>>> print(open('query31.pdb').read())   # PDB, C-alpha atoms and all ligand atoms
ATOM      1  CA  MET A1246      58.876-181.853-206.609
ATOM      2  CA  SER A1247      56.336-184.646-206.796
ATOM      3  CA  LYS A1248      52.637-183.778-206.759
ATOM      4  CA  LEU A1249      52.354-185.922-203.657
ATOM      5  CA  LEU A1250      54.483-183.440-201.694
ATOM      6  CA  PHE A1251      53.542-180.224-203.454
ATOM      7  CA  ILE A1252      49.810-180.326-202.656
ATOM      8  CA  PRO A1253      50.161-180.868-198.867
ATOM      9  CA  ILE A1254      52.748-178.040-198.754
ATOM     10  CA  LEU A1255      50.316-175.673-200.515
ATOM     11  CA  VAL A1256      47.542-176.660-198.109
ATOM     12  CA  CYS A1257      49.835-175.923-195.149
ATOM     13  CA  LEU A1258      50.832-172.526-196.523
ATOM     14  CA  PHE A1259      47.278-171.386-197.199
ATOM     15  CA  GLY A1260      46.172-172.718-193.841
ATOM     16  CA  THR A1261      48.816-170.653-192.065
ATOM     17  CA  PHE A1262      48.509-167.207-193.660
ATOM     18  CA  PRO A1263      45.421-165.034-193.418
ATOM     19  CA  VAL A1264      43.568-165.160-196.705
ATOM     20  CA  GLN A1265      41.490-162.458-198.347
ATOM     21  CA  ALA A1266      38.287-161.874-196.403
ATOM     22  CA  LYS A1267      35.289-163.278-198.203
ATOM     23  CA  ASP A1268      31.609-163.340-197.525
ATOM     24  CA  THR A1269      29.381-165.325-199.855
ATOM     25  CA  ASP A1270      25.643-165.830-200.444
ATOM     26  CA  ARG A1271      26.037-169.066-198.517
ATOM     27  CA  THR A1272      27.605-167.467-195.407
ATOM     28  CA  ARG A1273      25.052-164.618-195.494
ATOM     29  CA  GLU A1274      22.284-167.201-195.640
ATOM     30  CA  LEU A1275      23.775-169.130-192.695
ATOM     31  CA  ARG A1276      23.885-165.890-190.678
ATOM     32  CA  GLU A1277      20.293-165.036-191.449
ATOM     33  CA  LYS A1278      19.285-168.476-190.204
ATOM     34  CA  MET A1279      21.507-168.071-187.107
ATOM     35  CA  VAL A1280      19.811-164.759-186.235
ATOM     36  CA  THR A1281      16.287-166.089-186.762
ATOM     37  CA  GLU A1282      16.632-169.493-185.146
ATOM     38  CA  GLN A1283      19.181-168.942-182.374
ATOM     39  CA  ILE A1284      18.985-165.265-181.443
ATOM     40  CA  ALA A1285      15.603-163.681-182.232
ATOM     41  CA  ALA A1286      13.843-166.950-181.310
ATOM     42  CA  ARG A1287      15.369-166.732-177.819
ATOM     43  CA  GLY A1288      14.105-163.215-177.269
ATOM     44  CA  VAL A1289      16.851-160.804-178.399
ATOM     45  CA  GLN A1290      14.989-157.823-179.896
ATOM     46  CA  ASP A1291      17.435-154.917-180.054
ATOM     47  CA  LYS A1292      17.605-153.869-183.690
ATOM     48  CA  TYR A1293      21.225-152.705-183.483
ATOM     49  CA  VAL A1294      22.223-156.114-182.123
ATOM     50  CA  LEU A1295      20.210-158.151-184.630
ATOM     51  CA  ASP A1296      21.558-156.074-187.544
ATOM     52  CA  ALA A1297      25.135-156.427-186.269
ATOM     53  CA  MET A1298      24.804-160.206-185.837
ATOM     54  CA  ARG A1299      23.458-160.354-189.401
ATOM     55  CA  ALA A1300      26.328-158.235-190.732
ATOM     56  CA  VAL A1301      29.507-159.556-189.075
ATOM     57  CA  PRO A1302      31.058-162.498-190.971
ATOM     58  CA  ARG A1303      31.659-164.756-187.949
ATOM     59  CA  HIS A1304      33.480-167.328-190.103
ATOM     60  CA  LEU A1305      36.319-164.828-190.675
ATOM     61  CA  PHE A1306      37.199-164.968-186.972
ATOM     62  CA  ILE A1307      37.970-168.677-186.784
ATOM     63  CA  PRO A1308      40.416-170.872-188.717
ATOM     64  CA  GLU A1309      39.276-171.483-192.281
ATOM     65  CA  TRP A1310      38.694-175.171-191.766
ATOM     66  CA  GLY A1311      35.972-174.261-189.288
ATOM     67  CA  GLU A1312      33.836-172.175-191.646
ATOM     68  CA  ARG A1313      31.054-174.751-191.558
ATOM     69  CA  LEU A1314      30.927-174.594-187.737
ATOM     70  CA  ALA A1315      30.970-170.805-187.455
ATOM     71  CA  TYR A1316      27.190-170.397-187.564
ATOM     72  CA  GLU A1317      26.277-173.329-185.341
ATOM     73  CA  ASP A1318      24.623-172.880-181.953
ATOM     74  CA  ARG A1319      27.790-173.519-179.926
ATOM     75  CA  PRO A1320      30.986-171.992-178.579
ATOM     76  CA  LEU A1321      34.113-172.642-180.666
ATOM     77  CA  PRO A1322      37.778-173.206-179.791
ATOM     78  CA  ILE A1323      40.007-170.314-180.918
ATOM     79  CA  GLY A1324      43.392-171.691-179.832
ATOM     80  CA  TYR A1325      45.544-171.176-176.712
ATOM     81  CA  GLY A1326      42.888-172.982-174.652
ATOM     82  CA  GLN A1327      40.334-170.200-175.250
ATOM     83  CA  THR A1328      36.834-170.281-176.711
ATOM     84  CA  MET A1329      34.555-167.906-178.571
ATOM     85  CA  SER A1330      31.031-167.756-177.080
ATOM     86  CA  GLN A1331      28.032-169.158-178.907
ATOM     87  CA  PRO A1332      26.299-166.542-181.112
ATOM     88  CA  TYR A1333      23.300-166.168-178.772
ATOM     89  CA  ILE A1334      25.499-165.279-175.779
ATOM     90  CA  VAL A1335      27.371-162.633-177.824
ATOM     91  CA  ALA A1336      24.029-161.115-178.888
ATOM     92  CA  TYR A1337      22.531-161.325-175.387
ATOM     93  CA  MET A1338      25.531-159.660-173.728
ATOM     94  CA  THR A1339      25.538-156.878-176.322
ATOM     95  CA  GLU A1340      21.802-156.303-175.853
ATOM     96  CA  MET A1341      22.075-156.254-172.051
ATOM     97  CA  ALA A1342      24.939-153.735-172.266
ATOM     98  CA  LYS A1343      22.563-151.467-174.284
ATOM     99  CA  VAL A1344      25.232-150.667-176.865
ATOM    100  CA  LYS A1345      24.111-147.823-179.160
ATOM    101  CA  PRO A1346      25.882-146.016-182.031
ATOM    102  CA  ASP A1347      27.141-143.233-179.756
ATOM    103  CA  SER A1348      28.288-145.562-176.943
ATOM    104  CA  ARG A1349      31.882-145.663-175.779
ATOM    105  CA  VAL A1350      32.489-149.351-175.287
ATOM    106  CA  LEU A1351      35.255-151.544-173.892
ATOM    107  CA  GLU A1352      35.579-155.307-174.199
ATOM    108  CA  ILE A1353      37.844-157.380-171.950
ATOM    109  CA  GLY A1354      39.028-160.593-173.639
ATOM    110  CA  ALA A1355      39.335-159.904-177.388
ATOM    111  CA  GLY A1356      40.019-163.590-178.162
ATOM    112  CA  SER A1357      39.199-164.064-181.843
ATOM    113  CA  GLY A1358      38.043-160.453-182.270
ATOM    114  CA  TYR A1359      34.457-161.514-183.083
ATOM    115  CA  GLN A1360      32.655-159.805-180.177
ATOM    116  CA  ALA A1361      34.738-156.673-180.862
ATOM    117  CA  ALA A1362      33.575-156.765-184.500
ATOM    118  CA  VAL A1363      29.942-156.975-183.360
ATOM    119  CA  LEU A1364      30.549-153.889-181.184
ATOM    120  CA  ALA A1365      32.415-152.102-183.994
ATOM    121  CA  GLN A1366      29.477-152.747-186.295
ATOM    122  CA  ILE A1367      27.285-150.694-183.930
ATOM    123  CA  VAL A1368      29.577-147.980-182.489
ATOM    124  CA  LYS A1369      31.958-145.481-184.096
ATOM    125  CA  HIS A1370      35.007-146.888-182.330
ATOM    126  CA  ALA A1371      35.441-149.880-180.003
ATOM    127  CA  TYR A1372      38.215-150.742-177.529
ATOM    128  CA  THR A1373      39.275-154.269-176.636
ATOM    129  CA  ILE A1374      41.972-155.800-174.423
ATOM    130  CA  GLU A1375      43.502-159.276-174.704
ATOM    131  CA  VAL A1376      46.060-160.753-172.326
ATOM    132  CA  ILE A1377      47.559-163.422-174.658
ATOM    133  CA  PRO A1378      49.927-161.622-177.066
ATOM    134  CA  GLN A1379      49.389-164.037-179.989
ATOM    135  CA  LEU A1380      45.602-163.735-179.708
ATOM    136  CA  ALA A1381      45.782-159.937-179.438
ATOM    137  CA  GLN A1382      47.838-159.806-182.628
ATOM    138  CA  GLN A1383      45.623-162.296-184.444
ATOM    139  CA  ALA A1384      42.443-160.441-183.420
ATOM    140  CA  GLU A1385      43.899-157.235-184.826
ATOM    141  CA  VAL A1386      44.701-158.918-188.167
ATOM    142  CA  ARG A1387      41.303-160.602-188.375
ATOM    143  CA  LEU A1388      39.431-157.394-187.570
ATOM    144  CA  HIS A1389      41.409-155.571-190.250
ATOM    145  CA  ASN A1390      40.845-158.338-192.832
ATOM    146  CA  ALA A1391      37.124-158.287-192.121
ATOM    147  CA  GLY A1392      37.108-154.514-192.750
ATOM    148  CA  TYR A1393      36.875-153.259-189.149
ATOM    149  CA  ASN A1394      39.363-150.435-188.869
ATOM    150  CA  ASN A1395      37.524-148.813-185.974
ATOM    151  CA  VAL A1396      38.778-151.078-183.173
ATOM    152  CA  SER A1397      41.766-150.431-180.886
ATOM    153  CA  VAL A1398      43.280-153.692-179.606
ATOM    154  CA  LYS A1399      45.619-153.610-176.613
ATOM    155  CA  GLN A1400      47.643-156.491-175.205
ATOM    156  CA  ALA A1401      47.390-156.174-171.435
ATOM    157  CA  ASP A1402      45.663-157.484-168.322
ATOM    158  CA  GLY A1403      42.100-156.264-168.755
ATOM    159  CA  TYR A1404      41.512-156.330-164.987
ATOM    160  CA  TYR A1405      42.816-152.750-164.967
ATOM    161  CA  GLY A1406      40.636-151.578-167.880
ATOM    162  CA  TRP A1407      41.813-148.825-170.218
ATOM    163  CA  ALA A1408      41.902-145.619-168.177
ATOM    164  CA  GLU A1409      42.996-143.346-171.089
ATOM    165  CA  HIS A1410      39.723-143.970-172.905
ATOM    166  CA  ALA A1411      37.419-144.083-169.868
ATOM    167  CA  PRO A1412      34.703-143.492-168.829
ATOM    168  CA  PHE A1413      32.732-146.074-170.785
ATOM    169  CA  ASP A1414      28.988-146.369-171.372
ATOM    170  CA  ALA A1415      29.391-150.127-171.625
ATOM    171  CA  ILE A1416      31.988-152.712-170.608
ATOM    172  CA  ILE A1417      31.649-156.323-171.759
ATOM    173  CA  VAL A1418      33.893-158.848-170.033
ATOM    174  CA  THR A1419      34.165-162.183-171.865
ATOM    175  CA  ALA A1420      36.199-164.144-169.308
ATOM    176  CA  ALA A1421      35.006-165.165-165.839
ATOM    177  CA  ALA A1422      36.367-163.195-162.878
ATOM    178  CA  PRO A1423      36.247-164.290-159.230
ATOM    179  CA  HIS A1424      35.024-160.787-158.361
ATOM    180  CA  ILE A1425      34.055-157.634-160.243
ATOM    181  CA  PRO A1426      37.327-155.748-160.869
ATOM    182  CA  PRO A1427      37.141-152.376-159.032
ATOM    183  CA  PRO A1428      39.087-150.555-161.817
ATOM    184  CA  LEU A1429      36.345-151.542-164.283
ATOM    185  CA  ILE A1430      33.643-150.161-161.979
ATOM    186  CA  GLU A1431      35.633-146.933-161.716
ATOM    187  CA  GLN A1432      35.872-146.662-165.511
ATOM    188  CA  LEU A1433      32.122-147.010-165.979
ATOM    189  CA  LYS A1434      30.192-143.775-166.688
ATOM    190  CA  ASP A1435      27.414-142.648-164.419
ATOM    191  CA  GLY A1436      24.502-144.590-165.924
ATOM    192  CA  GLY A1437      26.919-147.055-167.557
ATOM    193  CA  ARG A1438      26.459-150.819-167.755
ATOM    194  CA  MET A1439      28.914-153.685-167.389
ATOM    195  CA  ILE A1440      28.202-157.312-168.271
ATOM    196  CA  ILE A1441      30.561-159.776-166.605
ATOM    197  CA  PRO A1442      30.596-163.512-165.852
ATOM    198  CA  VAL A1443      31.459-163.935-162.166
ATOM    199  CA  GLY A1444      32.730-167.183-160.670
ATOM    200  CA  THR A1445      35.499-169.742-161.036
ATOM    201  CA  SER A1446      36.146-172.440-163.625
ATOM    202  CA  TYR A1447      34.990-175.205-161.308
ATOM    203  CA  MET A1448      31.647-173.747-160.274
ATOM    204  CA  VAL A1449      28.602-172.406-162.048
ATOM    205  CA  GLN A1450      29.349-168.855-163.068
ATOM    206  CA  MET A1451      26.726-166.127-163.140
ATOM    207  CA  LEU A1452      26.447-163.510-165.834
ATOM    208  CA  VAL A1453      26.059-160.274-163.884
ATOM    209  CA  LEU A1454      24.804-156.851-164.969
ATOM    210  CA  VAL A1455      26.538-154.052-163.073
ATOM    211  CA  THR A1456      25.002-150.588-163.264
ATOM    212  CA  LYS A1457      26.384-147.406-161.844
ATOM    213  CA  VAL A1458      23.998-144.694-160.722
ATOM    214  CA  GLY A1459      25.823-141.816-159.102
ATOM    215  CA  SER A1460      27.963-143.333-156.377
ATOM    216  CA  GLU A1461      25.725-146.394-156.138
ATOM    217  CA  VAL A1462      26.744-149.646-157.835
ATOM    218  CA  ARG A1463      23.986-152.186-158.402
ATOM    219  CA  THR A1464      24.338-155.783-159.508
ATOM    220  CA  GLN A1465      21.769-158.082-161.031
ATOM    221  CA  ASN A1466      22.216-161.789-161.783
ATOM    222  CA  LEU A1467      21.197-162.580-165.335
ATOM    223  CA  LEU A1468      21.870-166.235-166.155
ATOM    224  CA  PRO A1469      24.209-169.121-165.380
ATOM    225  CA  VAL A1470      27.051-169.344-167.904
ATOM    226  CA  ARG A1471      30.375-171.012-168.552
ATOM    227  CA  PHE A1472      33.360-168.879-169.599
ATOM    228  CA  VAL A1473      37.122-169.385-169.598
ATOM    229  CA  PRO A1474      38.772-167.684-166.586
ATOM    230  CA  LEU A1475      40.063-164.137-166.498
ATOM    231  CA  THR A1476      43.762-164.724-165.962
ATOM    232  CA  ARG A1477      46.063-162.174-164.400
ATOM    233  CA  GLY A1478      48.749-161.097-166.869
TER     234      GLY A1478
HETATM  235  N1  LIG A1501      35.347-162.301-176.835
HETATM  236  C1  LIG A1501      36.118-163.337-177.489
HETATM  237  C2  LIG A1501      36.146-164.647-176.741
HETATM  238  C3  LIG A1501      36.788-164.536-175.478
HETATM  239  S1  LIG A1501      37.437-165.964-174.700
HETATM  240  C4  LIG A1501      35.667-163.597-178.890
HETATM  241  O1  LIG A1501      34.694-162.987-179.351
HETATM  242  O2  LIG A1501      36.305-164.406-179.540
HETATM  243  C5  LIG A1501      38.145-165.068-173.350
HETATM  244  C6  LIG A1501      39.362-164.302-173.722
HETATM  245  O3  LIG A1501      39.745-163.553-172.578
HETATM  246  C7  LIG A1501      40.544-165.188-174.076
HETATM  247  O4  LIG A1501      41.063-164.822-175.310
HETATM  248  C8  LIG A1501      41.525-164.914-172.951
HETATM  249  O5  LIG A1501      42.884-164.995-173.340
HETATM  250  C9  LIG A1501      41.143-163.508-172.544
HETATM  251  N2  LIG A1501      41.560-163.119-171.201
HETATM  252  C10 LIG A1501      41.666-163.888-170.095
HETATM  253  N3  LIG A1501      42.099-163.163-169.057
HETATM  254  C11 LIG A1501      42.268-161.884-169.514
HETATM  255  C12 LIG A1501      42.701-160.660-168.904
HETATM  256  N4  LIG A1501      43.055-160.595-167.619
HETATM  257  N5  LIG A1501      42.753-159.557-169.672
HETATM  258  C13 LIG A1501      42.418-159.594-170.979
HETATM  259  N6  LIG A1501      42.012-160.721-171.605
HETATM  260  C14 LIG A1501      41.932-161.857-170.891
END
>>> encode(input="query31.pdb", output="structure tokens")
Amino acid sequence: MSKLLFIPILVCLFGTFPVQAKDTDRTRELREKMVTEQIAARGVQDKYVLDAMRAVPRHLFIPEWGERLAYEDRPLPIGYGQTMSQPYIVAYMTEMAKVKPDSRVLEIGAGSGYQAAVLAQIVKHAYTIEVIPQLAQQAEVRLHNAGYNNVSVKQADGYYGWAEHAPFDAIIVTAAAPHIPPPLIEQLKDGGRMIIPVGTSYMVQMLVLVTKVGSEVRTQNLLPVRFVPLTRG
């Protein structure tokens, strides 16, 4: 086979299959800068969150060609029309959910698996649900390759939560819902916190903090955001 053909074929093959996870001095340096300039500078203070953002190799959750972009202050496409939030939003949502090492936490919208890895860096075991089968499978592989074996990934419609593992101290929803799904409120512990973008694709969405105190459910608007929609599987 001519060299002309052989090299593009090799590039295609390596681009298709997951490669060995690697973190380098360069990627660690980029993360340190990301935490200082994008996250701490905007007011995130929770030590668990800052340490997790420093530890999780974000570049392992996007296609290899995007490594350079992984630590930039922006959301990134992850395929199937979906996007991974910018690093600050991931950190902010995790801080507002008050995730601690002993928290039982559920994410809706696994996507790339990155937010789940941030949670898994803090808690003993994290749960995440993804509606698109290919993304659910890919998130599982990426989490495993990055060394996170403490995440359960389920392919399902996250609107209904994950009753078998409820109640949760924290629920983080990473796709915008037209209303707060009642099953998710039910699966929140007394004293639990849910962070969810509420609104439609065509309007400004609001990131909402939902807290449950006894039988009372309180909501608080946090900030305007833009997320992909929560679709019904
Ligand atoms: N948290 C992800 C990014 C999420 S993008 C990350 O860190 O990469 C939003 C994700 O929510 C998409 O992957 C989308 O497919 C998923 N999603 C949309 N509707 C859903 C539903 N009803 N249940 C579960 N996942 C859903």
>>> resolve_selection(input="query31.pdb", expression="the PyMOL selection byres (((chain A and resi 1438) around 9) and not hetatm)", output="list in words")
Met1341, Ala1342, Lys1343, Phe1413, Asp1414, Ala1415, Ile1416, Ile1417, Leu1433, Lys1434, Asp1435, Gly1436, Gly1437, Met1439, Ile1440, Leu1454, Val1455, Thr1456 and Lys1457 of chain A
>>> resolve_selection(input="query31.pdb", expression="the PyMOL selection byres (((chain A and resi 1393) around 12) and not hetatm)", output="PyMOL selection string")
chain A and resi 1266+1300-1302+1305-1306+1358-1372+1384-1392+1394-1398
>>> residues_near_ligand(input="query31.pdb", ligand="ligand LIG 1501 (chain A)", cutoff="9 Å", atoms="all atoms listed in the file", output="ChimeraX atom specification")
/A:1306-1307,1321-1330,1335,1352-1363,1373-1378,1380-1381,1384,1399-1406,1417-1422,1472-1478
>>> residues_around(input="query31.pdb", residues="stretch 1271-1284 of chain A", least_positions_apart="2", cutoff="12 Å", atoms="all atoms listed in the file", output="count of residues only")
40
>>> closest_residue(input="query31.pdb", among="A:Pro1320, A:Gln1379, A:Ile1430, A:Ala1408", to="A:Val1470", atoms="only C-alpha atoms")
A:Pro1320
>>> atom_distance(input="query31.pdb", atom1="atom CA of A:Ala1285", atom2="atom CA of A:Lys1345")
18.3 Å
>>> atom_distance(input="query31.pdb", atom1="atom CA of A:Tyr1293", atom2="atom CA of A:Ile1441")
20.5 Å
>>> closest_residue(input="query31.pdb", among="A:Ser1460, A:Leu1429, A:His1424, A:Arg1471", to="A:His1410", atoms="all atoms listed in the file")
A:Leu1429
>>> atom_distance(input="query31.pdb", atom1="atom CA of A:Asp1270", atom2="atom CA of A:Val1344")
28.0 Å
>>> closest_residue(input="query31.pdb", among="A:Pro1428, A:Pro1442, A:Pro1412, A:Pro1308", to="A:Leu1351", atoms="only C-alpha atoms")
A:Pro1412
>>> closest_residue(input="query31.pdb", among="A:Glu1309, A:Gly1459, A:Ala1411, A:Val1449", to="A:Ser1348", atoms="all atoms listed in the file")
A:Ala1411
>>> axis_aligned_box(input="query31.pdb", around="stretch 1436-1443 of chain A", padding_each_side="6 Å", output="lines of an AutoDock Vina configuration file")
center_x = 28.0
center_y = -154.3
center_z = -165.2
size_x = 19.0
size_y = 31.3
size_z = 18.1
>>> closest_residue(input="query31.pdb", among="A:Gln1450, A:Pro1469, A:Val1462, A:Asp1347", to="A:Pro1427", atoms="all atoms listed in the file")
A:Val1462
>>> closest_residue(input="query31.pdb", among="A:Met1448, A:Val1458, A:Leu1467, A:Val1453", to="A:Ile1425", atoms="all atoms listed in the file")
A:Val1453
>>> decode(input="query31.pdb", residues="stretch 1310-1325 of chain A", atoms="N, CA and C atoms", output="PDB file, in the first residue's frame")
ATOM      1  N   TRP A1310      -9.021  15.394  18.744  1.00  0.00           N
ATOM      2  CA  TRP A1310      -8.624  16.572  17.980  1.00  0.00           C
ATOM      3  C   TRP A1310      -8.951  17.863  18.718  1.00  0.00           C
ATOM      4  N   GLY A1311      -9.795  17.754  19.736  1.00  0.00           N
ATOM      5  CA  GLY A1311     -10.235  18.962  20.443  1.00  0.00           C
ATOM      6  C   GLY A1311      -9.448  19.254  21.707  1.00  0.00           C
ATOM      7  N   GLU A1312      -8.382  18.493  21.949  1.00  0.00           N
ATOM      8  CA  GLU A1312      -7.652  18.629  23.216  1.00  0.00           C
ATOM      9  C   GLU A1312      -7.316  20.087  23.564  1.00  0.00           C
ATOM     10  N   ARG A1313      -6.905  20.811  22.529  1.00  0.00           N
ATOM     11  CA  ARG A1313      -6.504  22.207  22.706  1.00  0.00           C
ATOM     12  C   ARG A1313      -7.670  23.066  23.232  1.00  0.00           C
ATOM     13  N   LEU A1314      -8.897  22.693  22.802  1.00  0.00           N
ATOM     14  CA  LEU A1314     -10.077  23.498  23.159  1.00  0.00           C
ATOM     15  C   LEU A1314     -10.643  23.148  24.529  1.00  0.00           C
ATOM     16  N   ALA A1315     -10.243  21.982  25.053  1.00  0.00           N
ATOM     17  CA  ALA A1315     -10.894  21.445  26.250  1.00  0.00           C
ATOM     18  C   ALA A1315     -10.879  22.406  27.426  1.00  0.00           C
ATOM     19  N   TYR A1316      -9.822  23.209  27.548  1.00  0.00           N
ATOM     20  CA  TYR A1316      -9.675  24.051  28.738  1.00  0.00           C
ATOM     21  C   TYR A1316     -10.033  25.505  28.476  1.00  0.00           C
ATOM     22  N   GLU A1317     -10.643  25.755  27.308  1.00  0.00           N
ATOM     23  CA  GLU A1317     -11.063  27.125  27.009  1.00  0.00           C
ATOM     24  C   GLU A1317     -12.382  27.450  27.700  1.00  0.00           C
ATOM     25  N   ASP A1318     -12.640  28.753  27.813  1.00  0.00           N
ATOM     26  CA  ASP A1318     -13.796  29.268  28.545  1.00  0.00           C
ATOM     27  C   ASP A1318     -15.044  29.220  27.664  1.00  0.00           C
ATOM     28  N   ARG A1319     -15.457  28.012  27.267  1.00  0.00           N
ATOM     29  CA  ARG A1319     -16.595  27.900  26.343  1.00  0.00           C
ATOM     30  C   ARG A1319     -17.205  26.505  26.388  1.00  0.00           C
ATOM     31  N   PRO A1320     -18.485  26.415  25.978  1.00  0.00           N
ATOM     32  CA  PRO A1320     -19.072  25.074  25.853  1.00  0.00           C
ATOM     33  C   PRO A1320     -18.482  24.399  24.621  1.00  0.00           C
ATOM     34  N   LEU A1321     -18.568  23.076  24.533  1.00  0.00           N
ATOM     35  CA  LEU A1321     -17.990  22.362  23.396  1.00  0.00           C
ATOM     36  C   LEU A1321     -18.981  21.358  22.818  1.00  0.00           C
ATOM     37  N   PRO A1322     -18.991  21.205  21.492  1.00  0.00           N
ATOM     38  CA  PRO A1322     -19.872  20.189  20.895  1.00  0.00           C
ATOM     39  C   PRO A1322     -19.371  18.786  21.248  1.00  0.00           C
ATOM     40  N   ILE A1323     -20.312  17.876  21.554  1.00  0.00           N
ATOM     41  CA  ILE A1323     -19.917  16.505  21.911  1.00  0.00           C
ATOM     42  C   ILE A1323     -20.587  15.486  20.990  1.00  0.00           C
ATOM     43  N   GLY A1324     -21.139  15.974  19.867  1.00  0.00           N
ATOM     44  CA  GLY A1324     -21.794  15.069  18.921  1.00  0.00           C
ATOM     45  C   GLY A1324     -23.278  14.937  19.193  1.00  0.00           C
ATOM     46  N   TYR A1325     -24.020  14.415  18.221  1.00  0.00           N
ATOM     47  CA  TYR A1325     -25.468  14.194  18.315  1.00  0.00           C
ATOM     48  C   TYR A1325     -26.220  15.478  18.671  1.00  0.00           C
TER      49      TYR A1325
END
